[in-house]
Amino acid sequence: MDNWLLLQSKLIAAARANPPSDGVPYAFEKRVMALLAARSATEPLGQWVRGLWQAAVSCMVVALLLGTWAFFNPATSTKADDLSQNFENTLLASVDQSDQGQ
Amino acid sequence: MERTEAELIAAVLQGDAASFEPLVQRYSPRVFATARRYARRECEIEDIAQEVWLKAFEKLKSFRGEAPFEHWLMRLTVRTCYDFLRGHQRNRESPFSDLSEPENDWLERFVAQPETASENAEAAKVLVARILERLSPPARLVITLLEIEDRSVKEIAQLTGWSVPLVKVRAFRARAEMRKVLAKMAKDKYL
């Protein structure tokens with residue numbers, strides 16, 4: 001058991017004594033910049049797709065909220081009658097006027 | 001005159017992508033040194049570093065400048081390395097019976113005279129890499145940061161995004177896991 005602990009500490013010490021190299025491959029930064037340039041070239045399409053998805057999600061949220069609101073606050077029948085009556089009156093106002101004129 | 005880090009970041013955020021190149025040049029050695037702790041093959045290391053820089057460019061808007069850019073980048077690097085470890089878990093089952101001759105020699109020397117086995121030997125370095133490869137991703141990350149890089153629990157929490165209690169729990173489990181791996185090697189090698 002003591003041997004294991006000693007082995008563990010020896011191995012950890014070995015890892016500490018040999019830190020990894022920090023060498024960077026030749027022209028690595030150029031490759032990264034080329035990748036970024038290639039990405040931004042295809043970016044407009046990606047932005048459209050992302051925008052459409054965001055719009056779809058927000059539309060769904062609005063529809064859901066309105067649906068919930070309509071479900072919990074059903075319009076009373078009198079109000080609905082009033083509205084339909086008013087709408088009809090407005091729509092047929094010109095017809096009524098021409099009838100009265102005759 | 002060399003532009004400061006803050007100037008470079010501000011320029012990138014204003015749309016001057018070319019200002020990102022000096023940042024890549026300046027901090028790539030740190031990114032590569034960190035990636036080499038978690039991956040062995042040079043192509044994998046390069047993939048990790050590339051991924052880090054692509055993420056850094058994408059997420060640069062979220063850098064608020066309160067801490068140095070290097071800290072922010074290191075968090076990104078450690079998290080990318082962790083994702084890499086989680087994606088390469090299948091490579092963990094290499095048996096201890098296929099140790100090379102220098103590794104076997106080092107272990108035998110350790111069995112004979114534990115105090116004299118040098119930790120500077122190349123074999124010890126390869127052996128510790130083999131043991132780390134057998135650990136689960138969280139255990140490997142915690143052992144590397146806590147034991148090898150000698151970081152505090154709080155620092156590890158910041159780097160990984162885990163809570164302090166979670167780091168402590170994972171450190172406890174990681175040590176137990178490492179003991180298990182060492183016991184397995186001890187059994188195989190009659191230590």
# chains A, B, ... in the order shown; residues from 1 in each chain; ligands from 1
>>> residues_around(residues="Met33 of chain A", least_positions_apart="4", cutoff="8 Å", atoms="only C-alpha atoms", output="ChimeraX atom specification")
/A:29,37 /B:18,20-21
>>> interface_residues(of="chain A", to="chain B", cutoff="6 Å", atoms="only C-alpha atoms", output="ChimeraX atom specification")
/A:10-11,14-16,20-24,29
>>> atom_distance(atom1="atom CA of Phe69 of chain B", atom2="atom CA of Ala6 of chain B")
8.5 Å
>>> select_by_dssp(residues="segment 5-102 of chain A", states="alpha helix (DSSP H)", output="PyMOL selection string")
chain A and resi 5-17+28-41+43-72+77-101
>>> residues_around(residues="segment 75-91 of chain B", least_positions_apart="3", cutoff="10 Å", atoms="only C-alpha atoms", output="PDB file with C-alpha atoms, in the first residue's frame")
ATOM      1  CA  ARG B  30      -0.261  28.382 -23.841  1.00  0.00           C
ATOM      2  CA  VAL B  31      -3.114  26.747 -25.737  1.00  0.00           C
ATOM      3  CA  PHE B  32      -0.799  24.076 -27.224  1.00  0.00           C
ATOM      4  CA  THR B  34      -2.517  22.812 -22.269  1.00  0.00           C
ATOM      5  CA  ALA B  35      -3.823  20.680 -25.139  1.00  0.00           C
ATOM      6  CA  ARG B  36      -0.695  18.476 -24.948  1.00  0.00           C
ATOM      7  CA  ARG B  37      -1.662  17.502 -21.403  1.00  0.00           C
ATOM      8  CA  TYR B  38      -4.847  15.839 -22.651  1.00  0.00           C
ATOM      9  CA  ALA B  39      -4.041  14.560 -26.134  1.00  0.00           C
ATOM     10  CA  GLU B  44      -5.385  15.855 -32.200  1.00  0.00           C
ATOM     11  CA  ILE B  45      -3.526  18.592 -30.350  1.00  0.00           C
ATOM     12  CA  ASP B  47      -7.445  20.119 -33.779  1.00  0.00           C
ATOM     13  CA  ILE B  48      -8.032  21.120 -30.157  1.00  0.00           C
ATOM     14  CA  ALA B  49      -6.036  24.350 -30.547  1.00  0.00           C
ATOM     15  CA  GLU B  51     -11.236  24.562 -32.084  1.00  0.00           C
ATOM     16  CA  VAL B  52     -10.223  26.804 -29.180  1.00  0.00           C
ATOM     17  CA  TRP B  53      -9.402  29.709 -31.499  1.00  0.00           C
ATOM     18  CA  LYS B  55     -14.629  29.318 -30.383  1.00  0.00           C
ATOM     19  CA  ALA B  56     -12.651  32.296 -29.048  1.00  0.00           C
ATOM     20  CA  LYS B  59     -17.486  34.112 -28.348  1.00  0.00           C
ATOM     21  CA  GLU B  70      -5.471  34.876 -21.094  1.00  0.00           C
ATOM     22  CA  HIS B  71      -7.676  33.640 -18.199  1.00  0.00           C
ATOM     23  CA  TRP B  72     -10.762  33.722 -20.387  1.00  0.00           C
ATOM     24  CA  SER B  94      -4.928  -0.269 -23.240  1.00  0.00           C
ATOM     25  CA  GLU B 133      -5.200   7.811 -20.259  1.00  0.00           C
ATOM     26  CA  ARG B 134      -6.985   5.117 -18.284  1.00  0.00           C
ATOM     27  CA  LEU B 135      -8.841   7.592 -16.083  1.00  0.00           C
ATOM     28  CA  SER B 136     -12.344   8.829 -16.834  1.00  0.00           C
ATOM     29  CA  PRO B 137     -12.490  12.357 -18.380  1.00  0.00           C
ATOM     30  CA  PRO B 138     -13.461  14.191 -15.165  1.00  0.00           C
ATOM     31  CA  ARG B 140      -8.130  12.966 -15.655  1.00  0.00           C
ATOM     32  CA  LEU B 141      -9.001  16.645 -15.781  1.00  0.00           C
ATOM     33  CA  LEU B 145      -5.208  20.419 -12.735  1.00  0.00           C
ATOM     34  CA  ILE B 156     -10.309  24.545 -10.996  1.00  0.00           C
ATOM     35  CA  ALA B 157     -13.915  25.583 -10.378  1.00  0.00           C
ATOM     36  CA  GLN B 158     -13.326  28.751 -12.408  1.00  0.00           C
ATOM     37  CA  LEU B 159     -11.556  26.923 -15.211  1.00  0.00           C
ATOM     38  CA  THR B 160     -14.057  24.103 -15.567  1.00  0.00           C
ATOM     39  CA  GLY B 161     -17.272  25.921 -14.690  1.00  0.00           C
TER      40      GLY B 161
END
>>> atom_distance(atom1="atom CA of Glu108 of chain B", atom2="atom CA of Asn18 of chain A")
21.2 Å
>>> atom_distance(atom1="atom CA of Leu146 of chain B", atom2="atom CA of Met74 of chain B")
15.3 Å
>>> decode(residues="segment 24-55 of chain A", atoms="N, CA and C atoms", output="mmCIF file, in the first residue's frame")
data_model
loop_
_atom_site.group_PDB
_atom_site.id
_atom_site.type_symbol
_atom_site.label_atom_id
_atom_site.label_comp_id
_atom_site.auth_asym_id
_atom_site.auth_seq_id
_atom_site.Cartn_x
_atom_site.Cartn_y
_atom_site.Cartn_z
ATOM 1 N N VAL A 24 4.467 25.632 -31.234
ATOM 2 C CA VAL A 24 3.300 25.845 -32.108
ATOM 3 C C VAL A 24 3.712 25.481 -33.536
ATOM 4 N N PRO A 25 2.901 24.693 -34.245
ATOM 5 C CA PRO A 25 3.273 24.341 -35.633
ATOM 6 C C PRO A 25 3.458 25.580 -36.503
ATOM 7 N N TYR A 26 4.289 25.435 -37.504
ATOM 8 C CA TYR A 26 4.614 26.546 -38.389
ATOM 9 C C TYR A 26 3.354 27.123 -39.046
ATOM 10 N N ALA A 27 3.220 28.421 -39.039
ATOM 11 C CA ALA A 27 2.108 29.165 -39.671
ATOM 12 C C ALA A 27 0.734 28.736 -39.150
ATOM 13 N N PHE A 28 0.685 28.319 -37.919
ATOM 14 C CA PHE A 28 -0.597 27.900 -37.340
ATOM 15 C C PHE A 28 -1.614 29.049 -37.372
ATOM 16 N N GLU A 29 -1.139 30.259 -37.026
ATOM 17 C CA GLU A 29 -2.059 31.407 -36.967
ATOM 18 C C GLU A 29 -2.643 31.730 -38.351
ATOM 19 N N LYS A 30 -1.830 31.454 -39.406
ATOM 20 C CA LYS A 30 -2.324 31.700 -40.769
ATOM 21 C C LYS A 30 -3.475 30.739 -41.085
ATOM 22 N N ARG A 31 -3.300 29.488 -40.632
ATOM 23 C CA ARG A 31 -4.343 28.485 -40.872
ATOM 24 C C ARG A 31 -5.637 28.865 -40.149
ATOM 25 N N VAL A 32 -5.488 29.350 -38.912
ATOM 26 C CA VAL A 32 -6.675 29.755 -38.146
ATOM 27 C C VAL A 32 -7.380 30.908 -38.859
ATOM 28 N N MET A 33 -6.581 31.866 -39.336
ATOM 29 C CA MET A 33 -7.178 33.025 -40.001
ATOM 30 C C MET A 33 -7.863 32.608 -41.312
ATOM 31 N N ALA A 34 -7.262 31.631 -42.015
ATOM 32 C CA ALA A 34 -7.878 31.143 -43.259
ATOM 33 C C ALA A 34 -9.206 30.448 -42.953
ATOM 34 N N LEU A 35 -9.228 29.692 -41.872
ATOM 35 C CA LEU A 35 -10.468 29.011 -41.474
ATOM 36 C C LEU A 35 -11.556 30.022 -41.127
ATOM 37 N N LEU A 36 -11.141 31.069 -40.409
ATOM 38 C CA LEU A 36 -12.109 32.105 -40.031
ATOM 39 C C LEU A 36 -12.653 32.820 -41.270
ATOM 40 N N ALA A 37 -11.762 33.064 -42.238
ATOM 41 C CA ALA A 37 -12.190 33.729 -43.475
ATOM 42 C C ALA A 37 -13.169 32.842 -44.241
ATOM 43 N N ALA A 38 -12.861 31.535 -44.290
ATOM 44 C CA ALA A 38 -13.747 30.598 -44.984
ATOM 45 C C ALA A 38 -15.101 30.538 -44.298
ATOM 46 N N ARG A 39 -15.074 30.618 -42.989
ATOM 47 C CA ARG A 39 -16.326 30.567 -42.227
ATOM 48 C C ARG A 39 -17.176 31.793 -42.482
ATOM 49 N N SER A 40 -16.502 32.955 -42.499
ATOM 50 C CA SER A 40 -17.301 34.176 -42.682
ATOM 51 C C SER A 40 -17.867 34.271 -44.096
ATOM 52 N N ALA A 41 -17.220 33.538 -45.049
ATOM 53 C CA ALA A 41 -17.746 33.526 -46.424
ATOM 54 C C ALA A 41 -19.087 32.800 -46.479
ATOM 55 N N THR A 42 -19.232 31.758 -45.667
ATOM 56 C CA THR A 42 -20.495 31.002 -45.656
ATOM 57 C C THR A 42 -21.456 31.549 -44.611
ATOM 58 N N GLU A 43 -21.011 32.594 -43.937
ATOM 59 C CA GLU A 43 -21.794 33.134 -42.811
ATOM 60 C C GLU A 43 -23.165 33.716 -43.203
ATOM 61 N N PRO A 44 -23.302 34.489 -44.342
ATOM 62 C CA PRO A 44 -24.595 35.098 -44.630
ATOM 63 C C PRO A 44 -25.752 34.098 -44.645
ATOM 64 N N LEU A 45 -25.518 32.934 -45.288
ATOM 65 C CA LEU A 45 -26.551 31.913 -45.347
ATOM 66 C C LEU A 45 -26.904 31.418 -43.938
ATOM 67 N N GLY A 46 -25.838 31.198 -43.156
ATOM 68 C CA GLY A 46 -26.029 30.758 -41.775
ATOM 69 C C GLY A 46 -26.834 31.765 -40.975
ATOM 70 N N GLN A 47 -26.538 33.054 -41.214
ATOM 71 C CA GLN A 47 -27.256 34.099 -40.479
ATOM 72 C C GLN A 47 -28.742 34.104 -40.840
ATOM 73 N N TRP A 48 -29.017 33.884 -42.155
ATOM 74 C CA TRP A 48 -30.407 33.813 -42.592
ATOM 75 C C TRP A 48 -31.128 32.668 -41.900
ATOM 76 N N VAL A 49 -30.476 31.517 -41.924
ATOM 77 C CA VAL A 49 -31.101 30.320 -41.332
ATOM 78 C C VAL A 49 -31.354 30.555 -39.845
ATOM 79 N N ARG A 50 -30.334 31.104 -39.174
ATOM 80 C CA ARG A 50 -30.486 31.380 -37.729
ATOM 81 C C ARG A 50 -31.621 32.373 -37.486
ATOM 82 N N GLY A 51 -31.652 33.422 -38.329
ATOM 83 C CA GLY A 51 -32.694 34.449 -38.199
ATOM 84 C C GLY A 51 -34.082 33.867 -38.383
ATOM 85 N N LEU A 52 -34.211 32.986 -39.401
ATOM 86 C CA LEU A 52 -35.521 32.376 -39.658
ATOM 87 C C LEU A 52 -35.957 31.492 -38.492
ATOM 88 N N TRP A 53 -34.991 30.755 -37.955
ATOM 89 C CA TRP A 53 -35.316 29.895 -36.813
ATOM 90 C C TRP A 53 -35.756 30.726 -35.614
ATOM 91 N N GLN A 54 -35.015 31.827 -35.382
ATOM 92 C CA GLN A 54 -35.364 32.686 -34.248
ATOM 93 C C GLN A 54 -36.760 33.275 -34.446
ATOM 94 N N ALA A 55 -37.050 33.674 -35.706
ATOM 95 C CA ALA A 55 -38.372 34.238 -35.997
ATOM 96 C C ALA A 55 -39.449 33.188 -35.762
#
